[in-house]
Structure formats: structure tokens, C-alpha cells
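Next comes input_19.pdb, a file with PDB, C-alpha atoms.
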ATOM      1  CA  MET A 103       4.950   2.703 190.596
ATOM      2  CA  ASN A 104       8.059   1.700 188.586
ATOM      3  CA  MET A 105       7.539  -2.046 188.513
ATOM      4  CA  SER A 106       6.793  -3.768 185.224
ATOM      5  CA  TYR A 107       3.828  -6.076 184.774
ATOM      6  CA  ASN A 108       3.467  -9.480 183.143
ATOM      7  CA  VAL A 109       0.343  -9.250 181.012
ATOM      8  CA  LEU A 110      -1.760 -12.050 179.563
ATOM      9  CA  ILE A 111      -3.757 -11.083 176.448
ATOM     10  CA  VAL A 112      -6.759 -13.319 175.775
ATOM     11  CA  ASP A 113      -8.524 -12.988 172.405
ATOM     12  CA  ASP A 114      -9.456 -15.533 169.738
ATOM     13  CA  SER A 115      -8.102 -13.197 167.039
ATOM     14  CA  LYS A 116      -4.337 -13.486 166.657
ATOM     15  CA  THR A 117      -4.359 -10.147 164.852
ATOM     16  CA  MET A 118      -6.157  -8.419 167.712
ATOM     17  CA  ARG A 119      -3.703  -9.898 170.214
ATOM     18  CA  GLN A 120      -0.870  -8.329 168.203
ATOM     19  CA  VAL A 121      -2.715  -4.999 168.094
ATOM     20  CA  ILE A 122      -3.249  -4.993 171.857
ATOM     21  CA  LYS A 123       0.408  -5.903 172.359
ATOM     22  CA  LYS A 124       1.426  -3.012 170.101
ATOM     23  CA  ALA A 125      -0.914  -0.617 171.925
ATOM     24  CA  LEU A 126       0.561  -1.705 175.261
ATOM     25  CA  SER A 127       4.095  -1.055 174.028
ATOM     26  CA  LEU A 128       3.089   2.374 172.701
ATOM     27  CA  SER A 129       1.128   3.287 175.804
ATOM     28  CA  GLY A 130       4.112   3.658 178.103
ATOM     29  CA  PHE A 131       2.584   1.175 180.524
ATOM     30  CA  LYS A 132       5.501  -0.834 181.895
ATOM     31  CA  ILE A 133       5.328  -4.348 180.479
ATOM     32  CA  GLY A 134       7.541  -7.218 181.585
ATOM     33  CA  GLU A 135       6.445 -10.329 179.713
ATOM     34  CA  CYS A 136       3.476 -10.300 177.316
ATOM     35  CA  LEU A 137       1.752 -13.695 177.076
ATOM     36  CA  GLU A 138      -1.098 -14.732 174.803
ATOM     37  CA  ALA A 139      -4.047 -17.108 174.783
ATOM     38  CA  GLY A 140      -6.801 -17.736 172.233
ATOM     39  CA  ASN A 141      -9.628 -18.341 174.723
ATOM     40  CA  GLY A 142     -10.345 -18.716 178.405
ATOM     41  CA  ARG A 143      -9.261 -22.340 178.561
ATOM     42  CA  GLU A 144      -5.874 -21.558 177.020
ATOM     43  CA  ALA A 145      -5.548 -18.642 179.431
ATOM     44  CA  LEU A 146      -5.934 -20.994 182.392
ATOM     45  CA  GLU A 147      -3.240 -23.243 180.924
ATOM     46  CA  VAL A 148      -0.903 -20.256 180.617
ATOM     47  CA  LEU A 149      -1.623 -19.249 184.210
ATOM     48  CA  ALA A 150      -0.740 -22.750 185.404
ATOM     49  CA  GLY A 151       2.830 -22.225 184.234
ATOM     50  CA  SER A 152       3.516 -18.493 184.303
ATOM     51  CA  TRP A 153       3.314 -15.546 186.662
ATOM     52  CA  VAL A 154       0.812 -12.968 185.441
ATOM     53  CA  ASP A 155       0.009  -9.582 186.982
ATOM     54  CA  LEU A 156      -2.834  -8.537 184.713
ATOM     55  CA  ILE A 157      -5.204 -10.108 182.195
ATOM     56  CA  LEU A 158      -6.684  -8.269 179.211
ATOM     57  CA  SER A 159      -9.478 -10.391 177.836
ATOM     58  CA  ASP A 160     -12.115 -10.350 175.129
ATOM     59  CA  ILE A 161     -15.594 -11.506 176.082
ATOM     60  CA  HIS A 162     -16.741 -13.428 173.005
ATOM     61  CA  MET A 163     -14.440 -16.399 172.417
ATOM     62  CA  PRO A 164     -14.977 -20.070 171.553
ATOM     63  CA  GLU A 165     -14.507 -22.937 174.036
ATOM     64  CA  MET A 166     -14.403 -20.693 177.100
ATOM     65  CA  ASP A 167     -15.504 -17.093 176.803
ATOM     66  CA  GLY A 168     -14.589 -14.127 178.982
ATOM     67  CA  PHE A 169     -17.360 -14.875 181.470
ATOM     68  CA  GLY A 170     -16.150 -18.448 181.829
ATOM     69  CA  LEU A 171     -12.620 -17.243 182.440
ATOM     70  CA  LEU A 172     -13.768 -14.754 185.078
ATOM     71  CA  GLN A 173     -15.782 -17.455 186.828
ATOM     72  CA  ALA A 174     -12.839 -19.878 186.799
ATOM     73  CA  LEU A 175     -10.493 -17.252 188.226
ATOM     74  CA  LYS A 176     -13.022 -16.340 190.916
ATOM     75  CA  GLU A 177     -13.178 -19.946 192.064
ATOM     76  CA  ASP A 178      -9.406 -20.342 192.308
ATOM     77  CA  SER A 179      -7.776 -18.993 195.464
ATOM     78  CA  CYS A 180      -4.501 -18.485 193.555
ATOM     79  CA  TRP A 181      -6.056 -16.171 190.956
ATOM     80  CA  ARG A 182      -9.085 -14.720 192.691
ATOM     81  CA  ASP A 183      -7.476 -11.283 193.100
ATOM     82  CA  LEU A 184      -5.766 -11.155 189.697
ATOM     83  CA  PRO A 185      -6.890  -7.989 187.900
ATOM     84  CA  VAL A 186      -8.845  -8.682 184.719
ATOM     85  CA  VAL A 187      -9.830  -5.950 182.292
ATOM     86  CA  MET A 188     -12.146  -6.773 179.407
ATOM     87  CA  ILE A 189     -11.251  -5.384 175.972
ATOM     88  CA  THR A 190     -14.402  -5.806 173.971
ATOM     89  CA  THR A 191     -16.892  -4.624 171.372
ATOM     90  CA  GLU A 192     -19.685  -5.626 173.740
ATOM     91  CA  ALA A 193     -22.235  -2.833 174.165
ATOM     92  CA  ASN A 194     -24.997  -4.670 176.015
ATOM     93  CA  GLU A 195     -25.050  -3.071 179.452
ATOM     94  CA  GLU A 196     -26.399  -6.201 181.135
ATOM     95  CA  ARG A 197     -23.476  -8.301 179.881
ATOM     96  CA  LEU A 198     -20.928  -5.655 180.811
ATOM     97  CA  GLN A 199     -22.354  -5.531 184.330
ATOM     98  CA  LYS A 200     -22.179  -9.324 184.416
ATOM     99  CA  ALA A 201     -18.439  -9.095 183.730
ATOM    100  CA  LEU A 202     -18.020  -6.602 186.558
ATOM    101  CA  ALA A 203     -20.080  -8.758 188.908
ATOM    102  CA  LEU A 204     -17.825 -11.715 188.063
ATOM    103  CA  GLY A 205     -14.813  -9.698 189.126
ATOM    104  CA  ALA A 206     -13.584  -7.767 186.084
ATOM    105  CA  ARG A 207     -11.978  -4.479 187.134
ATOM    106  CA  GLY A 208     -13.571  -2.760 184.156
ATOM    107  CA  TYR A 209     -13.733  -2.761 180.403
ATOM    108  CA  ILE A 210     -12.158  -0.934 177.492
ATOM    109  CA  ARG A 211     -14.307  -0.720 174.400
ATOM    110  CA  LYS A 212     -12.908  -1.289 170.933
ATOM    111  CA  PRO A 213     -11.860   0.879 169.124
ATOM    112  CA  PHE A 214      -9.240   2.145 171.580
ATOM    113  CA  THR A 215      -6.019   4.146 171.512
ATOM    114  CA  PRO A 216      -2.758   3.481 173.404
ATOM    115  CA  GLU A 217      -3.674   6.439 175.599
ATOM    116  CA  ASN A 218      -6.977   4.775 176.512
ATOM    117  CA  ILE A 219      -5.052   1.668 177.552
ATOM    118  CA  ARG A 220      -2.442   3.531 179.588
ATOM    119  CA  SER A 221      -4.956   5.713 181.361
ATOM    120  CA  PHE A 222      -7.243   2.873 182.355
ATOM    121  CA  LEU A 223      -4.568   0.349 183.278
ATOM    122  CA  SER A 224      -2.688   2.881 185.390
ATOM    123  CA  ARG A 225      -5.871   3.419 187.349
ATOM    124  CA  VAL A 226      -6.553  -0.313 187.705
ATOM    125  CA  MET A 227      -3.010  -1.276 188.735
ATOM    126  CA  GLY A 228      -2.619   1.761 190.907
ATOM    127  CA  ASP A 229      -5.727   0.752 192.852
ATOM    128  CA  ARG A 230      -4.657  -2.887 192.976
ATOM    129  CA  ASP A 231      -4.743  -3.101 196.749
ATOM    130  CA  GLU A 232      -8.319  -1.854 196.984
ATOM    131  CA  ALA A 233     -11.299  -4.151 196.645
ATOM    132  CA  PRO A 234     -12.905  -3.779 193.222
ATOM    133  CA  THR A 235     -16.227  -2.017 193.198
ATOM    134  CA  VAL A 236     -19.072  -2.169 190.772
ATOM    135  CA  ASP A 237     -20.258   1.265 189.868
ATOM    136  CA  ASN A 238     -21.038   3.377 186.866
ATOM    137  CA  ASP A 239     -17.438   4.593 186.580
ATOM    138  CA  GLU A 240     -15.958   1.130 186.440
ATOM    139  CA  GLY A 241     -16.325   0.915 182.716
ATOM    140  CA  CYS A 242     -14.059   2.720 180.361
ATOM    141  CA  ASP A 243     -16.011   4.055 177.440
ATOM    142  CA  PHE A 244     -13.903   6.237 175.194
TER     143      PHE A 244
ATOM    144  CA  MET B 209     -35.194   4.960 162.725
ATOM    145  CA  LYS B 210     -33.712   4.006 159.360
ATOM    146  CA  HIS B 211     -32.091   7.406 158.923
ATOM    147  CA  GLN B 212     -30.636   7.066 162.386
ATOM    148  CA  LEU B 213     -29.206   3.681 161.443
ATOM    149  CA  TRP B 214     -27.577   5.117 158.358
ATOM    150  CA  THR B 215     -25.925   8.046 160.164
ATOM    151  CA  THR B 216     -24.928   5.675 162.955
ATOM    152  CA  MET B 217     -23.185   3.411 160.462
ATOM    153  CA  ARG B 218     -21.298   6.273 158.849
ATOM    154  CA  ASP B 219     -20.176   7.677 162.216
ATOM    155  CA  ALA B 220     -19.108   4.231 163.430
ATOM    156  CA  ILE B 221     -17.068   3.575 160.268
ATOM    157  CA  SER B 222     -15.371   6.954 160.590
ATOM    158  CA  ASN B 223     -14.574   6.423 164.266
ATOM    159  CA  VAL B 224     -13.163   2.923 163.811
ATOM    160  CA  LEU B 225     -11.109   3.736 160.708
ATOM    161  CA  GLY B 226      -9.654   6.790 162.427
ATOM    162  CA  THR B 227      -8.973   5.273 165.843
ATOM    163  CA  MET B 228      -7.702   1.787 165.018
ATOM    164  CA  PHE B 229      -6.543   2.118 161.412
ATOM    165  CA  PHE B 230      -5.290   5.728 161.396
ATOM    166  CA  LEU B 231      -7.245   6.658 158.283
ATOM    167  CA  SER B 232      -9.298   9.731 157.514
ATOM    168  CA  PRO B 233     -10.939   8.744 154.254
ATOM    169  CA  GLU B 234     -13.571  10.576 152.266
ATOM    170  CA  PHE B 235     -17.094   9.244 152.213
ATOM    171  CA  ALA B 236     -19.823   9.182 149.648
ATOM    172  CA  GLU B 237     -23.126   7.823 150.818
ATOM    173  CA  GLY B 238     -26.681   7.303 149.831
ATOM    174  CA  ARG B 239     -29.433   4.850 149.234
ATOM    175  CA  ASN B 240     -28.891   2.299 146.485
ATOM    176  CA  LEU B 241     -25.600   3.850 145.493
ATOM    177  CA  ARG B 242     -24.718   1.857 142.386
ATOM    178  CA  ALA B 243     -21.332   3.383 141.738
ATOM    179  CA  PHE B 244     -18.281   1.275 141.138
ATOM    180  CA  GLN B 245     -20.093  -1.913 140.229
ATOM    181  CA  GLN B 246     -17.089  -3.206 138.298
ATOM    182  CA  TRP B 247     -14.552  -2.640 141.042
ATOM    183  CA  PRO B 248     -11.998  -5.391 141.586
ATOM    184  CA  PHE B 249     -13.215  -6.207 145.063
ATOM    185  CA  PHE B 250     -10.804  -8.492 146.864
ATOM    186  CA  LEU B 251     -12.460  -9.524 150.114
ATOM    187  CA  GLU B 252     -15.774  -9.261 151.878
ATOM    188  CA  SER B 253     -16.655  -9.323 155.557
ATOM    189  CA  SER B 254     -20.051  -9.066 157.166
ATOM    190  CA  ILE B 255     -21.727  -8.910 160.537
ATOM    191  CA  ILE B 256     -25.277  -8.911 161.836
ATOM    192  CA  ILE B 257     -26.580  -6.751 164.651
ATOM    193  CA  ALA B 258     -29.950  -7.849 165.926
ATOM    194  CA  SER B 259     -32.543  -7.053 168.537
ATOM    195  CA  LYS B 260     -35.939  -8.691 168.988
ATOM    196  CA  ALA B 261     -37.581  -5.990 166.873
ATOM    197  CA  ARG B 262     -35.090  -5.475 164.045
ATOM    198  CA  GLY B 263     -31.834  -6.467 162.492
ATOM    199  CA  LEU B 264     -29.029  -4.632 160.746
ATOM    200  CA  ARG B 265     -26.607  -6.410 158.461
ATOM    201  CA  LEU B 266     -23.353  -4.737 157.463
ATOM    202  CA  VAL B 267     -21.369  -5.965 154.456
ATOM    203  CA  PHE B 268     -17.878  -4.668 153.760
ATOM    204  CA  ARG B 269     -16.518  -5.098 150.229
ATOM    205  CA  VAL B 270     -12.929  -3.958 149.923
ATOM    206  CA  THR B 271     -10.134  -3.661 147.390
ATOM    207  CA  LYS B 272      -6.793  -5.365 147.920
ATOM    208  CA  GLU B 273      -5.150  -1.986 148.568
ATOM    209  CA  PHE B 274      -7.682  -1.187 151.277
ATOM    210  CA  ALA B 275      -7.241  -4.584 152.923
ATOM    211  CA  ALA B 276      -3.445  -4.346 152.838
ATOM    212  CA  THR B 277      -3.406  -0.740 154.062
ATOM    213  CA  ILE B 278      -5.699  -1.223 157.032
ATOM    214  CA  THR B 279      -3.918  -4.436 158.008
ATOM    215  CA  ALA B 280      -0.495  -2.775 157.819
ATOM    216  CA  ASN B 281      -1.754   0.193 159.851
ATOM    217  CA  PHE B 282      -3.498  -2.082 162.339
ATOM    218  CA  LEU B 283      -0.405  -4.170 162.998
ATOM    219  CA  GLY B 284       2.230  -1.489 162.444
ATOM    220  CA  VAL B 285       3.980  -3.423 159.653
ATOM    221  CA  ASP B 286       4.999  -2.804 156.058
ATOM    222  CA  GLN B 287       2.117  -3.034 153.607
ATOM    223  CA  GLU B 288       4.175  -5.276 151.324
ATOM    224  CA  GLU B 289       4.539  -7.920 154.044
ATOM    225  CA  VAL B 290       0.915  -8.516 154.870
ATOM    226  CA  PRO B 291      -0.260 -12.107 154.273
ATOM    227  CA  LEU B 292      -3.822 -12.973 153.259
ATOM    228  CA  GLU B 293      -4.621 -14.579 156.607
ATOM    229  CA  GLU B 294      -3.916 -11.333 158.444
ATOM    230  CA  MET B 295      -5.950  -9.306 155.956
ATOM    231  CA  GLU B 296      -8.888 -11.630 156.495
ATOM    232  CA  ASP B 297      -8.525 -11.411 160.264
ATOM    233  CA  THR B 298      -8.327  -7.617 160.071
ATOM    234  CA  LEU B 299     -11.442  -7.420 157.888
ATOM    235  CA  LYS B 300     -13.327  -9.480 160.454
ATOM    236  CA  GLU B 301     -12.117  -7.182 163.216
ATOM    237  CA  LEU B 302     -13.187  -4.167 161.164
ATOM    238  CA  ALA B 303     -16.692  -5.594 160.845
ATOM    239  CA  ASN B 304     -16.709  -6.503 164.549
ATOM    240  CA  MET B 305     -15.612  -3.057 165.702
ATOM    241  CA  VAL B 306     -17.896  -1.113 163.349
ATOM    242  CA  GLY B 307     -20.785  -3.322 164.444
ATOM    243  CA  GLY B 308     -19.925  -2.799 168.096
ATOM    244  CA  ASP B 309     -19.517   0.957 167.621
ATOM    245  CA  CYS B 310     -22.938   1.071 165.971
ATOM    246  CA  LEU B 311     -24.433  -0.640 169.014
ATOM    247  CA  VAL B 312     -23.030   1.989 171.359
ATOM    248  CA  ARG B 313     -24.698   4.723 169.293
ATOM    249  CA  LEU B 314     -28.086   3.075 168.747
ATOM    250  CA  PRO B 315     -30.949   3.469 171.222
ATOM    251  CA  ALA B 316     -30.898   0.711 173.825
ATOM    252  CA  ASP B 317     -32.876  -2.257 172.518
ATOM    253  CA  ASN B 318     -31.041  -5.323 173.830
ATOM    254  CA  TRP B 319     -28.922  -5.459 170.671
ATOM    255  CA  GLU B 320     -26.700  -8.455 170.080
ATOM    256  CA  LEU B 321     -23.607  -8.472 167.932
ATOM    257  CA  GLY B 322     -23.138 -11.502 165.721
ATOM    258  CA  ILE B 323     -19.936 -13.257 164.717
ATOM    259  CA  PRO B 324     -18.150 -11.566 161.782
ATOM    260  CA  LYS B 325     -17.721 -13.633 158.633
ATOM    261  CA  ILE B 326     -15.231 -13.415 155.794
ATOM    262  CA  GLU B 327     -15.909 -14.551 152.224
ATOM    263  CA  GLN B 328     -15.161 -13.920 148.587
ATOM    264  CA  PRO B 329     -17.118 -11.023 147.032
ATOM    265  CA  LYS B 330     -19.906 -12.072 144.682
ATOM    266  CA  ALA B 331     -19.157 -11.626 141.006
ATOM    267  CA  ASP B 332     -22.648 -10.243 140.366
ATOM    268  CA  ALA B 333     -22.733  -6.743 141.871
ATOM    269  CA  ASP B 334     -26.525  -6.641 141.553
ATOM    270  CA  ALA B 335     -26.690  -9.316 144.232
ATOM    271  CA  TYR B 336     -25.844  -6.638 146.799
ATOM    272  CA  PHE B 337     -28.604  -4.224 145.960
ATOM    273  CA  ALA B 338     -31.833  -4.287 147.925
ATOM    274  CA  PRO B 339     -34.720  -1.838 148.333
ATOM    275  CA  GLU B 340     -33.786  -0.782 151.858
ATOM    276  CA  MET B 341     -30.038  -0.759 151.395
ATOM    277  CA  TYR B 342     -27.831   2.120 152.425
ATOM    278  CA  THR B 343     -24.268   2.397 151.137
ATOM    279  CA  VAL B 344     -21.136   4.195 152.244
ATOM    280  CA  VAL B 345     -18.228   4.416 149.797
ATOM    281  CA  VAL B 346     -14.812   4.943 151.358
ATOM    282  CA  SER B 347     -12.170   6.668 149.228
ATOM    283  CA  TRP B 348      -8.802   8.273 149.524
ATOM    284  CA  ASP B 349      -6.812  10.310 147.034
ATOM    285  CA  ASP B 350     -10.023  10.359 144.983
ATOM    286  CA  ARG B 351      -9.833   6.583 144.588
ATOM    287  CA  PRO B 352     -12.643   4.374 145.858
ATOM    288  CA  MET B 353     -11.350   1.732 148.266
ATOM    289  CA  ALA B 354     -14.274   0.065 149.971
ATOM    290  CA  VAL B 355     -18.019  -0.129 149.911
ATOM    291  CA  ILE B 356     -20.059  -0.782 153.023
ATOM    292  CA  HIS B 357     -23.671  -1.788 152.565
ATOM    293  CA  SER B 358     -26.197  -1.853 155.366
ATOM    294  CA  TYR B 359     -29.481  -3.701 155.198
ATOM    295  CA  VAL B 360     -32.292  -3.167 157.660
ATOM    296  CA  ASP B 361     -34.580  -6.077 158.469
ATOM    297  CA  GLN B 362     -37.740  -5.381 160.417
TER     298      GLN B 362
END
Show this structure as C-alpha cells.
Amino acid sequence: MNMSYNVLIVDDSKTMRQVIKKALSLSGFKIGECLEAGNGREALEVLAGSWVDLILSDIHMPEMDGFGLLQALKEDSCWRDLPVVMITTEANEERLQKALALGARGYIRKPFTPENIRSFLSRVMGDRDEAPTVDNDEGCDF
Amino acid sequence: MKHQLWTTMRDAISNVLGTMFFLSPEFAEGRNLRAFQQWPFFLESSIIIASKARGLRLVFRVTKEFAATITANFLGVDQEEVPLEEMEDTLKELANMVGGDCLVRLPADNWELGIPKIEQPKADADAYFAPEMYTVVVSWDDRPMAVIHSYVDQ
């Protein structure tokens, strides 16, 4: 695929948002516009006014966390099929499975490299037309 | 279990510093390592990892050079241009990622990662020393840069 993707990065750390943005640019993954939000609620506000192809989201955030964002997207017919990948330090398997059950396409654990990002996102966006599945390979644990 | 926690912490620090901050520092480690008590520590971050049975608290005390270097490497900017706010944010992310990396390596026990905090280092170095403390000293070019203490609560 040669198309470029508009990506929304959701993390309460401005520094981490910049790091993810940098990793995306270094990864070779084709980025159109890179948007940012500090929590799930801000992410929904961004989505109300911008076209987004992919969301990279932290789990632990104030106001509306990653689970809240996933739930809100699931309930909205406009965004139900929007790919969401969690980028997180979360290691609790139950919570990671909760994210997958809420519709996340998978997760990338911090710390990560640009290659981790490219490899996982290429797989997620390449399989965009297939229904997401919840299985042991859905996570990305580098 | 305590020895496992200590080796876990060291491996997590090494992995995070290498992967996200592009550093391959030297380590000195041990129990109650009282070296470098008079260091000019610049910033401190901390995080708690807890399960129902036990808790692990990690405290990162760093020099200004360490804070500026990891922030510059993290963001891909010049070390001279790094403001305090970004150094603080980076230190919190360091604590968050080391804590999270520890969790991946520890035996499953329903661990929860706390919220990282940033604060000024205490002037009294003795305030950091505790009977069950384990310390990792991070250096490069033979210069100590950061001290990471871990405390086990049972």
C-alpha cells in the first residue's frame, strides 16, 4: 500500500507524544497528518473535526483513559472500525485483554523502537479490511 | 524473590536506557551502596509497583547532565536546548517505562504500576538508605550519572 495515513497520538505526556511522532517518522510508515490529544476526551474532540486513519493511544490517562476512548469509539458508528493500537507500559494481562475486547487491534509495549512501530502498524493497516480478532498473537511484545 | 527483584530492576534499566534513550552505560550495583553521597543530584523521579502481597518502589536520582542527555536523546534534539519541563517529563517517562519493564519480567502476581512522580532530591543522602534497599549506579566515561534505588515492601 502506498497511501499515507493520518494518525492521532493520544498520551497525557507531551514528551511521549513527540517521541512517538519521531518514531513514526523514522519508521518509514507513511504518515500524512500527525494529530495529538492529551486524553481520550480530547481525542474525541479531535475526531469530531479531523479525518483520522489510525489511533495510537496510551491506556493510563486522566479524564478519559484508553479504555474509555475504546468504549466511546465502539459506540459510535462513524468510528467503530477505526484501528486503535495501544502504546503502553501496561503489563497486566487482564487489562491488555480488556483493551483487545474493547476493539484495540493490539498493543505495543514501551520501550519500543521505530522498527517495532513499523512492523506492527504495517500488519494492522495491511489487515484493515479483516475483522479484528482476539488471540495470543494480537499483542506486540518486543 | 528479593534477588530476582534486584536483577529484574537492573535488566529493565538497561533495556529502557538502550532502547528509548540510546545509551549503553556502565552499572555498579549492590545493597546499601553508599557511594556518591555528595553528588549534585538535580532531579528525582519515583514510581511504585504493587501487588497484593508486596510492593516495589523505584527512586531515580539523576544529575543535570543525565537528565539533559536522556531528554535530548529521547526527543532527538540538541542537549543545550532542553527545558526543565521536558527533563521532568522525560524523568517521569523513564520511571514509568522501567517500572513497566520490571512488571513484564516479574512472575505474574496481578502487579499494578503506579503514577510516576517528580520532585527535588533530598539534601540529606542518608534519607534514601534503608535496610532492604538495592542500588544501581549508572555511569558513563567513568563518571557517575544517576542512582536508582529500589525498596521492597512486604
**Request:** For each of A:Leu158, A:Ile122, A:Leu175, A:Cys136, take the minimum atom-to-atom distance to chain B, counting all atoms listed in the file, then give the residue where this is smallest.
**Result:** A:Ile122
**Output check: residues returned by the ChimeraX specification (/B :<8) & /A, as a ChimeraX atom specification** = /A:115-118,120-121,124,191-194,212-215
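A straight line drawn from atom CA of Glu217 of chain A to atom CA of Asp114 of chain A is 23.5 Å long.
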**Request:** Would you kindly translate the PyMOL selection byres ((chain A and resi 200) around 12) into the concrete residues it picks from this file, as a PyMOL selection string?
**Result:** chain A and resi 161+168-170+172-173+188+192+194-199+201-209+236+241
Take the selection from the previous step and output its residues with C-alpha atoms, as a CSV table (one decimal), in the frame of the given file.
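Just written: result_0.csv:
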chain,number,residue,atom,x,y,z
A,161,ILE,CA,-15.6,-11.5,176.1
A,168,GLY,CA,-14.6,-14.1,179.0
A,169,PHE,CA,-17.4,-14.9,181.5
A,170,GLY,CA,-16.2,-18.4,181.8
A,172,LEU,CA,-13.8,-14.8,185.1
A,173,GLN,CA,-15.8,-17.5,186.8
A,188,MET,CA,-12.1,-6.8,179.4
A,192,GLU,CA,-19.7,-5.6,173.7
A,194,ASN,CA,-25.0,-4.7,176.0
A,195,GLU,CA,-25.0,-3.1,179.5
A,196,GLU,CA,-26.4,-6.2,181.1
A,197,ARG,CA,-23.5,-8.3,179.9
A,198,LEU,CA,-20.9,-5.7,180.8
A,199,GLN,CA,-22.4,-5.5,184.3
A,201,ALA,CA,-18.4,-9.1,183.7
A,202,LEU,CA,-18.0,-6.6,186.6
A,203,ALA,CA,-20.1,-8.8,188.9
A,204,LEU,CA,-17.8,-11.7,188.1
A,205,GLY,CA,-14.8,-9.7,189.1
A,206,ALA,CA,-13.6,-7.8,186.1
A,207,ARG,CA,-12.0,-4.5,187.1
A,208,GLY,CA,-13.6,-2.8,184.2
A,209,TYR,CA,-13.7,-2.8,180.4
A,236,VAL,CA,-19.1,-2.2,190.8
A,241,GLY,CA,-16.3,0.9,182.7
Any chance you could turn segment 194-205 of chain A into a file with N, CA, C and O atoms, as a PDB file, in the first residue's frame?
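Below is the file decode13.pdb, written as the result:
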ATOM      1  N   ASN A 194      -0.248  -5.907  32.867  1.00  0.00           N
ATOM      2  CA  ASN A 194      -1.294  -6.779  33.410  1.00  0.00           C
ATOM      3  C   ASN A 194      -2.080  -7.403  32.266  1.00  0.00           C
ATOM      4  O   ASN A 194      -2.741  -6.686  31.505  1.00  0.00           O
ATOM      5  N   GLU A 195      -2.002  -8.718  32.159  1.00  0.00           N
ATOM      6  CA  GLU A 195      -2.599  -9.415  31.019  1.00  0.00           C
ATOM      7  C   GLU A 195      -4.101  -9.209  30.937  1.00  0.00           C
ATOM      8  O   GLU A 195      -4.675  -9.068  29.844  1.00  0.00           O
ATOM      9  N   GLU A 196      -4.750  -9.147  32.104  1.00  0.00           N
ATOM     10  CA  GLU A 196      -6.204  -8.966  32.135  1.00  0.00           C
ATOM     11  C   GLU A 196      -6.580  -7.625  31.497  1.00  0.00           C
ATOM     12  O   GLU A 196      -7.530  -7.545  30.707  1.00  0.00           O
ATOM     13  N   ARG A 197      -5.826  -6.585  31.820  1.00  0.00           N
ATOM     14  CA  ARG A 197      -6.150  -5.252  31.282  1.00  0.00           C
ATOM     15  C   ARG A 197      -5.821  -5.178  29.794  1.00  0.00           C
ATOM     16  O   ARG A 197      -6.523  -4.516  29.019  1.00  0.00           O
ATOM     17  N   LEU A 198      -4.764  -5.835  29.379  1.00  0.00           N
ATOM     18  CA  LEU A 198      -4.439  -5.847  27.953  1.00  0.00           C
ATOM     19  C   LEU A 198      -5.528  -6.580  27.175  1.00  0.00           C
ATOM     20  O   LEU A 198      -5.938  -6.136  26.097  1.00  0.00           O
ATOM     21  N   GLN A 199      -6.016  -7.672  27.711  1.00  0.00           N
ATOM     22  CA  GLN A 199      -7.105  -8.396  27.048  1.00  0.00           C
ATOM     23  C   GLN A 199      -8.381  -7.569  27.031  1.00  0.00           C
ATOM     24  O   GLN A 199      -9.178  -7.645  26.091  1.00  0.00           O
ATOM     25  N   LYS A 200      -8.567  -6.760  28.063  1.00  0.00           N
ATOM     26  CA  LYS A 200      -9.731  -5.863  28.104  1.00  0.00           C
ATOM     27  C   LYS A 200      -9.662  -4.883  26.932  1.00  0.00           C
ATOM     28  O   LYS A 200     -10.671  -4.615  26.267  1.00  0.00           O
ATOM     29  N   ALA A 201      -8.464  -4.354  26.681  1.00  0.00           N
ATOM     30  CA  ALA A 201      -8.300  -3.425  25.550  1.00  0.00           C
ATOM     31  C   ALA A 201      -8.636  -4.125  24.233  1.00  0.00           C
ATOM     32  O   ALA A 201      -9.314  -3.561  23.369  1.00  0.00           O
ATOM     33  N   LEU A 202      -8.177  -5.334  24.067  1.00  0.00           N
ATOM     34  CA  LEU A 202      -8.467  -6.079  22.845  1.00  0.00           C
ATOM     35  C   LEU A 202      -9.960  -6.358  22.724  1.00  0.00           C
ATOM     36  O   LEU A 202     -10.547  -6.242  21.640  1.00  0.00           O
ATOM     37  N   ALA A 203     -10.588  -6.716  23.838  1.00  0.00           N
ATOM     38  CA  ALA A 203     -12.020  -6.999  23.817  1.00  0.00           C
ATOM     39  C   ALA A 203     -12.839  -5.753  23.486  1.00  0.00           C
ATOM     40  O   ALA A 203     -13.922  -5.848  22.909  1.00  0.00           O
ATOM     41  N   LEU A 204     -12.293  -4.581  23.835  1.00  0.00           N
ATOM     42  CA  LEU A 204     -12.981  -3.320  23.527  1.00  0.00           C
ATOM     43  C   LEU A 204     -12.714  -2.852  22.107  1.00  0.00           C
ATOM     44  O   LEU A 204     -13.237  -1.831  21.684  1.00  0.00           O
ATOM     45  N   GLY A 205     -11.868  -3.597  21.386  1.00  0.00           N
ATOM     46  CA  GLY A 205     -11.695  -3.284  19.975  1.00  0.00           C
ATOM     47  C   GLY A 205     -10.306  -2.849  19.557  1.00  0.00           C
ATOM     48  O   GLY A 205     -10.077  -2.592  18.375  1.00  0.00           O
TER      49      GLY A 205
END
